[in-house]
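Q: Would you mind keeping the following structure in view while I ask a few things?
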Amino acid sequence: MNYADARLRIKSGDVLAFSHRPIRSWYDLQIAIVRAFTRSEYSHVGIAYRLGGRVFILEAVSSGIRIYPLSRCGPFYWVARERMTVAEEVEALLHVGAPYSRWEALLAFFGRSDATNDRWQCSEYVAHVLSLPIADKTPAEVVRYLLDTEGRTLRYVA
């Protein structure tokens with residue numbers, strides 16, 4: 001599906017997953033390492049957020065939790081869900097600006113998470129905001145839960 005068509009259908013609360021393929025830079029190599037350690041097709045997840053006719057992604061990245069234009073993100077996988085509840089929206093926005101934690105990402109690899117702090121990695125943030133009852137807070141586990149447990153469909157958007 002192309003982005004122009006998907007953009008009209010994506011709603012707040014949908015989950016977006018990313019899979020970086022070619023290794024062309026130091027950043028790409030870091031992503032490949034994350035995918036290897038998490039044994040995942042996906043290197044990153046975020047939550048779609050519609051605002052003022054635009055589509056954004058709420059995501060935890062190295063600079064912290066941010067709201068970023070989805071149109072600048074490149075190809076992604078899209079999992080449509082029910083519309084985001086007010087409680088989920090409040091929780092998602094409450095953490096914007098909170099710091100990212102590579103330590104949390106490492107803990108996720110070992111199936112552990114420290115939910116007592118306000119430092120986040122991408123899948124921990126998504127699972128928390130959407131109240132997904134998953135133990136392994138990895139991008140693959142978020143997608144797997146949505147597909148297997150909630151019966152959602154995964155679409156590739158380029």
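Here's how to read the names in the structure tokens: chain A, B, ... by the order shown, residue numbers from 1 in each chain, ligand numbers from 1 in the order shown.
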Please extract the residues of chain A with a backbone DSSP assignment of strand (DSSP E or B) and present them as a PDB file with C-alpha atoms, in the first residue's frame.

A:
ATOM      1  CA  VAL A  15       0.660   0.673  15.849  1.00  0.00           C
ATOM      2  CA  LEU A  16       3.514   1.319  13.433  1.00  0.00           C
ATOM      3  CA  ALA A  17       6.518  -1.001  13.152  1.00  0.00           C
ATOM      4  CA  PHE A  18       9.758  -0.416  11.295  1.00  0.00           C
ATOM      5  CA  HIS A  44      11.189  -0.048  16.212  1.00  0.00           C
ATOM      6  CA  VAL A  45       7.524   0.528  17.074  1.00  0.00           C
ATOM      7  CA  GLY A  46       5.430   3.602  17.727  1.00  0.00           C
ATOM      8  CA  ILE A  47       1.837   4.769  17.961  1.00  0.00           C
ATOM      9  CA  ALA A  48       0.028   6.682  15.214  1.00  0.00           C
ATOM     10  CA  TYR A  49      -1.427  10.008  16.302  1.00  0.00           C
ATOM     11  CA  ARG A  50      -3.696  12.199  14.162  1.00  0.00           C
ATOM     12  CA  LEU A  51      -3.703  15.921  14.842  1.00  0.00           C
ATOM     13  CA  ARG A  54      -1.836  15.264   9.862  1.00  0.00           C
ATOM     14  CA  VAL A  55      -0.498  11.889  10.949  1.00  0.00           C
ATOM     15  CA  PHE A  56       2.315  11.726  13.489  1.00  0.00           C
ATOM     16  CA  ILE A  57       4.096   8.970  15.345  1.00  0.00           C
ATOM     17  CA  LEU A  58       4.454   8.956  19.118  1.00  0.00           C
ATOM     18  CA  GLU A  59       7.734   7.161  19.681  1.00  0.00           C
ATOM     19  CA  ALA A  60      10.644   6.625  22.040  1.00  0.00           C
ATOM     20  CA  VAL A  61      13.921   7.390  20.252  1.00  0.00           C
ATOM     21  CA  GLY A  64      13.424  10.831  24.138  1.00  0.00           C
ATOM     22  CA  ILE A  65       9.717  10.385  23.583  1.00  0.00           C
ATOM     23  CA  ARG A  66       8.564  12.617  20.779  1.00  0.00           C
ATOM     24  CA  ILE A  67       5.781  13.415  18.334  1.00  0.00           C
ATOM     25  CA  TYR A  68       7.179  13.246  14.799  1.00  0.00           C
ATOM     26  CA  PRO A  69       5.600  13.547  11.313  1.00  0.00           C
ATOM     27  CA  PHE A  76       6.724   0.927   7.787  1.00  0.00           C
ATOM     28  CA  TYR A  77       4.321  -1.802   8.813  1.00  0.00           C
ATOM     29  CA  TRP A  78       0.890  -0.696   9.984  1.00  0.00           C
ATOM     30  CA  VAL A  79      -1.373  -2.540  12.410  1.00  0.00           C
ATOM     31  CA  TYR A 100      15.044   7.247  26.227  1.00  0.00           C
ATOM     32  CA  TRP A 120      11.655   4.378  28.023  1.00  0.00           C
ATOM     33  CA  LEU A 154      -0.211  -6.241   9.261  1.00  0.00           C
ATOM     34  CA  ARG A 155       0.108  -4.035   6.178  1.00  0.00           C
ATOM     35  CA  TYR A 156       3.296  -2.791   4.568  1.00  0.00           C
ATOM     36  CA  VAL A 157       3.255   0.904   3.672  1.00  0.00           C
TER      37      VAL A 157
END

Q: Write out as an mmCIF file with N, CA, C and O atoms, in the first residue's frame which residues come within 7 Å of Ser19 (chain A) when counting only C-alpha atoms, dropping same-chain ones fewer than 4 positions away.

A:
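File produced: selection10.cif:
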data_model
loop_
_atom_site.group_PDB
_atom_site.id
_atom_site.type_symbol
_atom_site.label_atom_id
_atom_site.label_comp_id
_atom_site.auth_asym_id
_atom_site.auth_seq_id
_atom_site.Cartn_x
_atom_site.Cartn_y
_atom_site.Cartn_z
ATOM 1 N N GLU A 41 12.180 -9.136 13.392
ATOM 2 C CA GLU A 41 12.070 -8.524 12.068
ATOM 3 C C GLU A 41 11.968 -7.009 12.204
ATOM 4 O O GLU A 41 12.345 -6.258 11.337
ATOM 5 N N TYR A 42 11.439 -6.579 13.336
ATOM 6 C CA TYR A 42 11.170 -5.160 13.564
ATOM 7 C C TYR A 42 12.202 -4.553 14.505
ATOM 8 O O TYR A 42 12.565 -5.149 15.499
ATOM 9 N N SER A 43 12.624 -3.360 14.175
ATOM 10 C CA SER A 43 13.623 -2.688 14.994
ATOM 11 C C SER A 43 13.021 -1.573 15.838
ATOM 12 O O SER A 43 13.679 -1.055 16.737
#

Q: For Val86 (chain A), work out the shell of residues within 12 Å, counting only C-alpha atoms and skipping chain neighbours fewer than 5 positions away, then give it as a PDB file with all heavy atoms, in the first residue's frame.

A:
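Just written: out-v6.pdb:
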ATOM      1  N   SER A  12      -5.406   7.491  15.176  1.00  0.00           N
ATOM      2  CA  SER A  12      -4.712   7.524  16.465  1.00  0.00           C
ATOM      3  C   SER A  12      -4.905   6.197  17.173  1.00  0.00           C
ATOM      4  O   SER A  12      -6.018   5.675  17.251  1.00  0.00           O
ATOM      5  CB  SER A  12      -5.251   8.651  17.345  1.00  0.00           C
ATOM      6  OG  SER A  12      -4.936   9.909  16.800  1.00  0.00           O
ATOM      7  N   GLY A  13      -3.819   5.631  17.667  1.00  0.00           N
ATOM      8  CA  GLY A  13      -3.856   4.352  18.375  1.00  0.00           C
ATOM      9  C   GLY A  13      -3.383   3.179  17.543  1.00  0.00           C
ATOM     10  O   GLY A  13      -3.088   2.122  18.084  1.00  0.00           O
ATOM     11  N   GLU A  91      -2.208   9.278  28.558  1.00  0.00           N
ATOM     12  CA  GLU A  91      -1.006   8.561  28.993  1.00  0.00           C
ATOM     13  C   GLU A  91       0.131   8.736  27.992  1.00  0.00           C
ATOM     14  O   GLU A  91       1.283   8.940  28.368  1.00  0.00           O
ATOM     15  CB  GLU A  91      -1.317   7.077  29.198  1.00  0.00           C
ATOM     16  CG  GLU A  91      -0.222   6.301  29.878  1.00  0.00           C
ATOM     17  CD  GLU A  91       0.069   6.771  31.296  1.00  0.00           C
ATOM     18  OE1 GLU A  91      -0.823   7.310  31.970  1.00  0.00           O
ATOM     19  OE2 GLU A  91       1.227   6.587  31.735  1.00  0.00           O
ATOM     20  N   ALA A  92      -0.183   8.661  26.703  1.00  0.00           N
ATOM     21  CA  ALA A  92       0.847   8.818  25.662  1.00  0.00           C
ATOM     22  C   ALA A  92       1.468  10.203  25.718  1.00  0.00           C
ATOM     23  O   ALA A  92       2.695  10.350  25.675  1.00  0.00           O
ATOM     24  CB  ALA A  92       0.241   8.569  24.284  1.00  0.00           C
ATOM     25  N   LEU A  93       0.632  11.209  25.822  1.00  0.00           N
ATOM     26  CA  LEU A  93       1.130  12.590  25.814  1.00  0.00           C
ATOM     27  C   LEU A  93       1.817  12.971  27.122  1.00  0.00           C
ATOM     28  O   LEU A  93       2.702  13.825  27.139  1.00  0.00           O
ATOM     29  CB  LEU A  93      -0.005  13.556  25.499  1.00  0.00           C
ATOM     30  CG  LEU A  93      -0.610  13.397  24.104  1.00  0.00           C
ATOM     31  CD1 LEU A  93      -1.817  14.310  23.923  1.00  0.00           C
ATOM     32  CD2 LEU A  93       0.428  13.637  23.022  1.00  0.00           C
ATOM     33  N   VAL A 129       1.394   2.426  27.056  1.00  0.00           N
ATOM     34  CA  VAL A 129       0.308   3.322  26.660  1.00  0.00           C
ATOM     35  C   VAL A 129      -0.939   2.541  26.257  1.00  0.00           C
ATOM     36  O   VAL A 129      -2.054   2.901  26.627  1.00  0.00           O
ATOM     37  CB  VAL A 129       0.759   4.258  25.513  1.00  0.00           C
ATOM     38  CG1 VAL A 129      -0.417   4.983  24.890  1.00  0.00           C
ATOM     39  CG2 VAL A 129       1.805   5.248  26.022  1.00  0.00           C
ATOM     40  N   LEU A 130      -0.764   1.462  25.514  1.00  0.00           N
ATOM     41  CA  LEU A 130      -1.898   0.695  25.007  1.00  0.00           C
ATOM     42  C   LEU A 130      -2.300  -0.457  25.924  1.00  0.00           C
ATOM     43  O   LEU A 130      -3.171  -1.255  25.582  1.00  0.00           O
ATOM     44  CB  LEU A 130      -1.579   0.166  23.600  1.00  0.00           C
ATOM     45  CG  LEU A 130      -1.267   1.255  22.563  1.00  0.00           C
ATOM     46  CD1 LEU A 130      -0.928   0.626  21.232  1.00  0.00           C
ATOM     47  CD2 LEU A 130      -2.403   2.261  22.443  1.00  0.00           C
TER      48      LEU A 130
END

Q: Return the single residue from A:Ile10, A:Ile33, A:Ala80, A:Val143 that is closest to Gly53 (chain A), with distances computed using only C-alpha atoms.

A: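 So, comparing all the options, the nearest one is A:Ile10.
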
Q: Rounded to one decimal in Å, what is the spacing between CA of Pro99 (chain A) and CA of Ile134 (chain A)?

A: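 Interatomic distance, CA of Pro99 (chain A) to CA of Ile134 (chain A): 21.9 Å.
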
Q: When you count only C-alpha atoms, which of these residues is closest to Leu147 (chain A): A:Gln30, A:Val126, A:Ser63, A:Arg81?

A: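 So, comparing all the options, the nearest one is A:Arg81.
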
Q: I need the residues of region 6-152 of chain A that end up classed as helix (DSSP H, G or I) by DSSP on the backbone, written out as a ChimeraX atom specification.

A: /A:6-9,26-37,70-72,86-94,102-109,122-129,139-148

Q: Now that the selection is made, can you save its residues with C-alpha atoms as a compact mmCIF listing (two decimals), in the first residue's frame?

A:
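Wrote it out as selection.txt, contents follow:
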# COMPACT_ATOMS: atom_id res chain seq x y z
CA ALA A 6 -2.68 4.59 4.06
CA ARG A 7 -2.45 8.11 5.44
CA LEU A 8 -6.19 8.60 4.93
CA ARG A 9 -6.99 5.42 6.90
CA TRP A 26 26.60 3.63 11.61
CA TYR A 27 22.95 4.15 12.57
CA ASP A 28 21.85 1.31 10.26
CA LEU A 29 24.44 -0.95 11.87
CA GLN A 30 23.09 -0.09 15.33
CA ILE A 31 19.58 -0.95 14.14
CA ALA A 32 20.81 -4.28 12.74
CA ILE A 33 22.37 -5.06 16.11
CA VAL A 34 19.08 -4.26 17.89
CA ARG A 35 17.22 -6.57 15.50
CA ALA A 36 19.78 -9.32 16.09
CA PHE A 37 19.65 -9.03 19.87
CA LEU A 70 4.95 10.05 9.97
CA SER A 71 5.54 11.30 6.43
CA ARG A 72 9.24 11.68 7.27
CA VAL A 86 -8.94 9.33 25.88
CA ALA A 87 -7.08 7.56 28.70
CA GLU A 88 -4.51 6.16 26.23
CA GLU A 89 -4.07 9.57 24.62
CA VAL A 90 -3.52 11.24 27.99
CA GLU A 91 -1.01 8.56 28.99
CA ALA A 92 0.85 8.82 25.66
CA LEU A 93 1.13 12.59 25.81
CA LEU A 94 2.05 12.57 29.52
CA ARG A 102 19.30 2.02 26.12
CA TRP A 103 19.34 0.11 29.41
CA GLU A 104 15.58 -0.48 29.08
CA ALA A 105 16.15 -1.77 25.55
CA LEU A 106 18.78 -4.18 26.86
CA LEU A 107 16.47 -5.34 29.66
CA ALA A 108 13.76 -6.02 27.06
CA PHE A 109 16.11 -8.44 25.34
CA CYS A 122 10.08 2.11 22.06
CA SER A 123 8.18 -1.12 22.68
CA GLU A 124 7.99 -0.57 26.43
CA TYR A 125 6.34 2.81 25.74
CA VAL A 126 3.84 1.35 23.23
CA ALA A 127 2.96 -1.58 25.51
CA HIS A 128 2.49 0.77 28.47
CA VAL A 129 0.31 3.32 26.66
CA PRO A 139 9.09 -4.61 18.86
CA ALA A 140 8.53 -8.19 17.68
CA GLU A 141 6.47 -9.07 20.74
CA VAL A 142 4.27 -5.97 20.35
CA VAL A 143 3.51 -6.91 16.73
CA ARG A 144 3.11 -10.61 17.56
CA TYR A 145 0.63 -9.82 20.34
CA LEU A 146 -1.47 -7.61 18.08
CA LEU A 147 -1.52 -10.19 15.28
CA ASP A 148 -1.97 -13.36 17.34
